[in-house]
Structures are given as structure tokens and as C-alpha cells.
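Everything below belongs to data.pdb, which stores PDB, C-alpha atoms.
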MODEL        1
ATOM      1  CA  MET A   1      14.553   3.043  -6.961
ATOM      2  CA  LYS A   2      12.295   0.202  -5.817
ATOM      3  CA  THR A   3      10.348  -1.928  -8.239
ATOM      4  CA  PHE A   4       6.628  -1.395  -7.808
ATOM      5  CA  GLY A   5       3.900  -3.901  -8.503
ATOM      6  CA  GLY A   6       3.127  -7.583  -8.166
ATOM      7  CA  LYS A   7       0.471  -9.811  -6.647
ATOM      8  CA  VAL A   8      -2.569  -7.984  -5.245
ATOM      9  CA  LEU A   9      -4.288  -8.312  -1.877
ATOM     10  CA  PHE A  10      -7.822  -6.899  -2.002
ATOM     11  CA  LEU A  11      -9.188  -5.475   1.263
ATOM     12  CA  ASP A  12     -12.798  -4.599   0.492
ATOM     13  CA  ARG A  13     -13.577  -2.172   3.282
ATOM     14  CA  ALA A  14     -13.329   1.562   3.911
ATOM     15  CA  ASP A  15     -11.818   3.143   7.032
ATOM     16  CA  ILE A  16      -9.140   0.536   7.726
ATOM     17  CA  ASN A  17      -7.214   2.204  10.533
ATOM     18  CA  THR A  18      -3.614   2.097  11.672
ATOM     19  CA  ASP A  19      -4.485  -0.118  14.668
ATOM     20  CA  GLU A  20      -5.776  -2.710  12.220
ATOM     21  CA  ILE A  21      -2.688  -2.328  10.011
ATOM     22  CA  ILE A  22      -0.313  -2.808  12.974
ATOM     23  CA  PRO A  23      -1.835  -3.170  16.445
ATOM     24  CA  ALA A  24      -0.706  -0.605  19.021
ATOM     25  CA  ARG A  25       0.609  -3.335  21.337
ATOM     26  CA  PHE A  26       3.536  -3.804  18.920
ATOM     27  CA  LEU A  27       4.618  -0.152  18.805
ATOM     28  CA  THR A  28       7.285  -0.779  21.427
ATOM     29  CA  GLU A  29       9.226  -3.008  19.013
ATOM     30  CA  ILE A  30      12.625  -1.530  18.192
ATOM     31  CA  SER A  31      13.031  -2.957  14.695
ATOM     32  CA  LYS A  32      10.864  -3.046  11.602
ATOM     33  CA  GLU A  33      11.556  -6.769  11.300
ATOM     34  CA  ALA A  34       9.843  -7.402  14.654
ATOM     35  CA  LEU A  35       6.634  -5.917  13.198
ATOM     36  CA  LYS A  36       6.587  -8.301  10.233
ATOM     37  CA  PRO A  37       4.407 -11.153  11.569
ATOM     38  CA  HIS A  38       1.782  -8.754  12.951
ATOM     39  CA  MET A  39       0.680  -7.039   9.727
ATOM     40  CA  LEU A  40      -3.114  -6.707   9.597
ATOM     41  CA  GLU A  41      -3.523  -9.204  12.427
ATOM     42  CA  ASP A  42      -6.406  -7.279  14.050
ATOM     43  CA  LEU A  43      -8.210  -6.527  10.772
ATOM     44  CA  GLN A  44     -11.829  -7.667  10.950
ATOM     45  CA  LEU A  45     -12.905  -8.406   7.394
ATOM     46  CA  GLY A  46     -15.084 -11.333   6.345
ATOM     47  CA  GLY A  47     -13.050 -14.021   4.629
ATOM     48  CA  PHE A  48      -9.695 -12.400   5.439
ATOM     49  CA  ASP A  49      -7.095 -14.330   7.413
ATOM     50  CA  PRO A  50      -3.857 -12.391   8.022
ATOM     51  CA  LYS A  51      -1.953 -15.654   8.457
ATOM     52  CA  ASP A  52      -3.126 -17.107   5.114
ATOM     53  CA  GLN A  53      -0.010 -18.267   3.269
ATOM     54  CA  ARG A  54      -1.478 -17.030  -0.033
ATOM     55  CA  ASN A  55      -0.966 -13.455   1.189
ATOM     56  CA  GLN A  56       2.800 -13.881   1.603
ATOM     57  CA  ASP A  57       3.651 -12.967  -1.997
ATOM     58  CA  THR A  58       1.520  -9.824  -1.909
ATOM     59  CA  LYS A  59       3.205  -6.681  -3.222
ATOM     60  CA  VAL A  60       0.171  -4.386  -3.709
ATOM     61  CA  ILE A  61      -2.922  -3.669  -1.609
ATOM     62  CA  VAL A  62      -6.159  -2.433  -3.186
ATOM     63  CA  THR A  63      -8.714  -1.103  -0.733
ATOM     64  CA  ARG A  64     -11.463   1.474  -0.255
ATOM     65  CA  ALA A  65     -11.705   5.020   1.129
ATOM     66  CA  ASN A  66      -9.918   6.602   4.096
ATOM     67  CA  PHE A  67      -7.209   3.971   4.349
ATOM     68  CA  GLY A  68      -4.754   4.485   7.220
ATOM     69  CA  CYS A  69      -7.067   6.569   9.379
ATOM     70  CA  GLY A  70      -6.610   6.624  13.134
ATOM     71  CA  SER A  71      -3.481   7.519  14.984
ATOM     72  CA  SER A  72      -0.475   8.880  13.143
ATOM     73  CA  ARG A  73       2.415   6.459  13.192
ATOM     74  CA  GLU A  74       5.111   5.433  10.787
ATOM     75  CA  HIS A  75       4.757   1.834  11.961
ATOM     76  CA  ALA A  76       1.812   1.327   9.581
ATOM     77  CA  PRO A  77       3.853   1.902   6.386
ATOM     78  CA  TRP A  78       6.842   0.173   8.005
ATOM     79  CA  VAL A  79       4.919  -3.077   8.483
ATOM     80  CA  PHE A  80       4.029  -3.033   4.783
ATOM     81  CA  GLU A  81       7.608  -2.238   3.823
ATOM     82  CA  VAL A  82       9.070  -5.088   5.886
ATOM     83  CA  ASN A  83       6.522  -7.425   4.251
ATOM     84  CA  ASP A  84       7.624  -6.258   0.756
ATOM     85  CA  ILE A  85       4.392  -4.377   0.071
ATOM     86  CA  ASN A  86       5.275  -1.005  -1.386
ATOM     87  CA  VAL A  87       2.044   0.066  -3.125
ATOM     88  CA  VAL A  88      -1.373   0.786  -1.615
ATOM     89  CA  ILE A  89      -4.183   1.842  -3.937
ATOM     90  CA  ALA A  90      -7.355   3.411  -2.502
ATOM     91  CA  SER A  91      -9.909   6.075  -3.317
ATOM     92  CA  SER A  92      -8.548   8.158  -0.424
ATOM     93  CA  PHE A  93      -6.040   7.995   2.408
ATOM     94  CA  ALA A  94      -5.709   9.563   5.802
ATOM     95  CA  ARG A  95      -3.371  12.503   5.172
ATOM     96  CA  ILE A  96      -0.592  11.474   7.568
ATOM     97  CA  PHE A  97      -0.603   7.827   6.477
ATOM     98  CA  ARG A  98      -0.375   8.880   2.829
ATOM     99  CA  GLN A  99       2.587  11.158   3.499
ATOM    100  CA  ASN A 100       4.304   8.511   5.618
ATOM    101  CA  MET A 101       4.077   6.148   2.640
ATOM    102  CA  PHE A 102       5.891   8.652   0.422
ATOM    103  CA  ASN A 103       8.353   9.465   3.217
ATOM    104  CA  CYS A 104       9.259   5.755   3.255
ATOM    105  CA  GLY A 105       9.713   5.682  -0.533
ATOM    106  CA  MET A 106       6.476   3.806  -1.128
ATOM    107  CA  LEU A 107       3.460   4.560  -3.330
ATOM    108  CA  ALA A 108       0.038   5.639  -2.075
ATOM    109  CA  ILE A 109      -2.043   5.831  -5.253
ATOM    110  CA  GLU A 110      -5.451   7.473  -5.187
ATOM    111  CA  LEU A 111      -8.017   6.537  -7.815
ATOM    112  CA  PRO A 112     -11.674   7.514  -8.109
ATOM    113  CA  GLU A 113     -14.053   5.116  -6.371
ATOM    114  CA  SER A 114     -15.394   4.056  -9.790
ATOM    115  CA  ASP A 115     -11.878   2.888 -10.770
ATOM    116  CA  ILE A 116     -11.415   1.136  -7.424
ATOM    117  CA  SER A 117     -14.648  -0.764  -8.103
ATOM    118  CA  LYS A 118     -13.263  -1.793 -11.502
ATOM    119  CA  LEU A 119     -10.099  -3.077  -9.814
ATOM    120  CA  PHE A 120     -12.214  -5.122  -7.394
ATOM    121  CA  LYS A 121     -13.681  -7.033 -10.351
ATOM    122  CA  TYR A 122     -10.298  -8.827 -10.369
ATOM    123  CA  LYS A 123     -10.574  -9.750  -6.682
ATOM    124  CA  ASN A 124     -10.806 -13.531  -6.980
ATOM    125  CA  SER A 125      -8.621 -13.964 -10.042
ATOM    126  CA  GLY A 126      -5.057 -13.934  -8.689
ATOM    127  CA  ALA A 127      -4.427 -10.509 -10.206
ATOM    128  CA  ASP A 128      -1.119  -8.715 -10.601
ATOM    129  CA  ILE A 129      -0.564  -4.980 -10.918
ATOM    130  CA  ALA A 130       2.319  -3.464 -12.854
ATOM    131  CA  ILE A 131       3.201   0.157 -12.093
ATOM    132  CA  ASP A 132       4.620   2.439 -14.761
ATOM    133  CA  PHE A 133       6.038   4.994 -12.329
ATOM    134  CA  ASN A 134       7.403   7.358 -14.981
ATOM    135  CA  ASN A 135       4.092   7.568 -16.844
ATOM    136  CA  ASN A 136       1.757   7.525 -13.816
ATOM    137  CA  SER A 137      -0.170   4.475 -14.891
ATOM    138  CA  LEU A 138      -0.921   1.023 -13.563
ATOM    139  CA  LYS A 139      -2.047  -2.118 -15.309
ATOM    140  CA  ILE A 140      -3.985  -4.839 -13.560
ATOM    141  CA  SER A 141      -4.035  -8.214 -15.239
ATOM    142  CA  SER A 142      -5.238 -11.726 -14.711
ATOM    143  CA  GLY A 143      -5.021 -14.311 -17.426
ATOM    144  CA  LYS A 144      -5.938 -12.634 -20.714
ATOM    145  CA  GLU A 145      -7.859  -9.788 -19.088
ATOM    146  CA  SER A 146      -6.284  -6.458 -18.215
ATOM    147  CA  SER A 147      -7.151  -2.826 -17.568
ATOM    148  CA  VAL A 148      -5.034   0.323 -17.404
ATOM    149  CA  PHE A 149      -5.587   3.247 -15.036
ATOM    150  CA  ASN A 150      -3.836   6.612 -14.815
ATOM    151  CA  TYR A 151      -3.081   8.319 -11.528
ATOM    152  CA  GLN A 152      -1.469  11.541 -10.324
ATOM    153  CA  ILE A 153       1.182  12.074  -7.678
ATOM    154  CA  ALA A 154       2.583  15.469  -6.714
ATOM    155  CA  ASP A 155       6.069  16.141  -8.062
ATOM    156  CA  PHE A 156       7.566  16.384  -4.562
ATOM    157  CA  ASP A 157       6.040  13.073  -3.464
ATOM    158  CA  LYS A 158       7.267  11.469  -6.673
ATOM    159  CA  ALA A 159      10.769  12.800  -5.901
ATOM    160  CA  LEU A 160      10.585  11.249  -2.421
ATOM    161  CA  VAL A 161       9.639   7.879  -3.902
ATOM    162  CA  ARG A 162      12.322   8.113  -6.584
ATOM    163  CA  ALA A 163      14.959   8.862  -3.908
ATOM    164  CA  GLY A 164      13.835   5.945  -1.728
ATOM    165  CA  GLY A 165      12.184   8.071   0.961
ATOM    166  CA  TRP A 166      12.588  11.294   2.906
ATOM    167  CA  VAL A 167      15.944  10.465   4.539
ATOM    168  CA  GLU A 168      17.557   9.545   1.222
ATOM    169  CA  PHE A 169      16.013  12.602  -0.447
ATOM    170  CA  ALA A 170      17.324  14.919   2.284
ATOM    171  CA  ASP A 171      20.792  13.300   2.176
ATOM    172  CA  ALA A 172      20.980  13.926  -1.559
ATOM    173  CA  LYS A 173      19.633  17.490  -1.441
ATOM    174  CA  TYR A 174      20.949  19.018   1.787
TER
ENDMDL
END
Translate the structure of the given file into C-alpha cells.
Amino acid sequence: MKTFGGKVLFLDRADINTDEIIPARFLTEISKEALKPHMLEDLQLGGFDPKDQRNQDTKVIVTRANFGCGSSREHAPWVFEVNDINVVIASSFARIFRQNMFNCGMLAIELPESDISKLFKYKNSGADIAIDFNNNSLKISSGKESSVFNYQIADFDKALVRAGGWVEFADAKY
């Protein structure tokens, strides 16, 4: 199973769509690796630069509601996966994007908006998030400050993540 957690990228906007995650002009690429440099390149968000070198060590994204809306495509989770981001935390997700995350063996964690706002208090502090997958909790920390949040994931989705994704789950079960 993958290790979950690490440096956090905060995207303080709701309704970030799949075209902003990976622009449609790159959907003809035949490998995940070819998507890598184009992650979030069309995202319009004040102060955000997708080419900023500080974002290269990111392992977790924290964002607002309705993340991954727009067209249904696996390329959106794939571009995160190829960039070593395997956790997205939001108050809600577009249904297909959320399931595609689990199908790829990645975590889509939903928290109440009040908890998301608490996470955003760490925005400019170089925060890290540690995921305790077995106990459904996450800990955000920066310096001496930290907070713990509990989350829920359906048993089936948790099994997909544990297996490494849908293909690996199906290979093991069928």
C-alpha cells in the first residue's frame, strides 16, 4: 500500500474543475508521464503559480468544495499520481472524480467546511499532513502546532485504496 501524507499545497477555491487540473488539450497523451508537467497549469487562482518549484515536493492538496467537477476523466487523478500527490482533502468532490481517485488507489478525503477552514489556518506555514489510514485520521502540523481530524471512507473505497486501485483489487478478488 502507498504511503499517504507529506507537504501540503493549499488551493483556496471551490469548484476547481478537471480542465484546470489537467487541460483537455493534453488528453491525447498516451502515457501518464507525459501529463506530469501540465498539472494545474490552467488553474486561475491569485498567488498560485503551477511552475513554482516550491510545489514540487507536494504530496497532499487541501482545497474547497466540489473539487474535480467538470468532465469525467481519469486523467485528473492520473496527473496527481504521476506528480506523487496521492491525497486530496476537500469539503466535497464531484462524484466521478472522487471515485476515480479511489479507483487509482488514492485518497479523496471529505471533511466538513469548518474543518477545511481550520486546515487553511496552516496555509502559509509549510505544513505537513500525516494520514493514519487504519484509524481514519489525519494530523496537520507545522512547527510546534498541530491538529487532528477524523474522516470516514466507505469500506469498499478503503479496500480499493488498500489494494492499490481497482485493477489490483479486481486481480486479487476475481
Selection near Ala90 of chain A, 12 Å with all atoms listed in the file, sequence-local residues under 2 positions removed, as a ChimeraX atom specification: /A:10-16,60-68,87-88,92-94,98,107-120,151
Check which residues satisfy the PyMOL selection byres ((chain A and resi 97) around 10) in the file shown, then give them as a tab-separated table (two decimals) with C-alpha atoms, keeping the file's coordinate frame.
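Writing the result to result_35.tsv gives the following:
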chain	number	residue	atom	x	y	z
A	17	ASN	CA	-7.21	2.20	10.53
A	18	THR	CA	-3.61	2.10	11.67
A	66	ASN	CA	-9.92	6.60	4.10
A	67	PHE	CA	-7.21	3.97	4.35
A	68	GLY	CA	-4.75	4.49	7.22
A	69	CYS	CA	-7.07	6.57	9.38
A	70	GLY	CA	-6.61	6.62	13.13
A	71	SER	CA	-3.48	7.52	14.98
A	72	SER	CA	-0.48	8.88	13.14
A	73	ARG	CA	2.42	6.46	13.19
A	74	GLU	CA	5.11	5.43	10.79
A	75	HIS	CA	4.76	1.83	11.96
A	76	ALA	CA	1.81	1.33	9.58
A	77	PRO	CA	3.85	1.90	6.39
A	93	PHE	CA	-6.04	8.00	2.41
A	94	ALA	CA	-5.71	9.56	5.80
A	95	ARG	CA	-3.37	12.50	5.17
A	96	ILE	CA	-0.59	11.47	7.57
A	98	ARG	CA	-0.38	8.88	2.83
A	99	GLN	CA	2.59	11.16	3.50
A	100	ASN	CA	4.30	8.51	5.62
A	101	MET	CA	4.08	6.15	2.64
A	102	PHE	CA	5.89	8.65	0.42
A	103	ASN	CA	8.35	9.46	3.22
A	108	ALA	CA	0.04	5.64	-2.08
Explicit residues for the PyMOL selection byres ((chain A and resi 23) around 12) (as a list in words):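 So the PyMOL selection byres ((chain A and resi 23) around 12), applied here, picks out Ile16, Asn17, Thr18, Asp19, Glu20, Ile21, Ile22, Ala24, Arg25, Phe26, Leu27, Thr28, Glu29, Leu35, Lys36, Pro37, His38, Met39, Leu40, Glu41, Asp42, Leu43, Gly70, Ser71, Arg73, His75, Ala76 and Val79 of chain A.
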Distance in Å - atom CA of Ser142 of chain A versus atom CA of Gly164 of chain A: 29.1 Å
Protein and nucleic acid residues near (-1.6, -4.9, -13.8) (cut-off 7 Å, all atoms listed in the file) as an MDAnalysis selection string: chainID A and resid 128:130 138:141 146
Target residues per the PyMOL selection byres ((chain A and resi 82) around 8), formatted as a PyMOL selection string: chain A and resi 32-33+35-36+78-81+83-85
d(atom CA of Thr58 of chain A, atom CA of Lys158 of chain A) in Å: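 Distance reported for this atom pair: 22.6 Å.
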Size and centre in Å, one decimal, axis-aligned box, all listed segment 118-121 of chain A atoms plus 3 Å per side, as JSON:
{"center_x": -11.9, "center_y": -4.4, "center_z": -9.4, "size_x": 9.6, "size_y": 11.2, "size_z": 10.1}
Distance in Å - atom CA of Lys7 of chain A versus atom CA of Lys59 of chain A: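 Separation between atom CA of Lys7 of chain A and atom CA of Lys59 of chain A: 5.4 Å.
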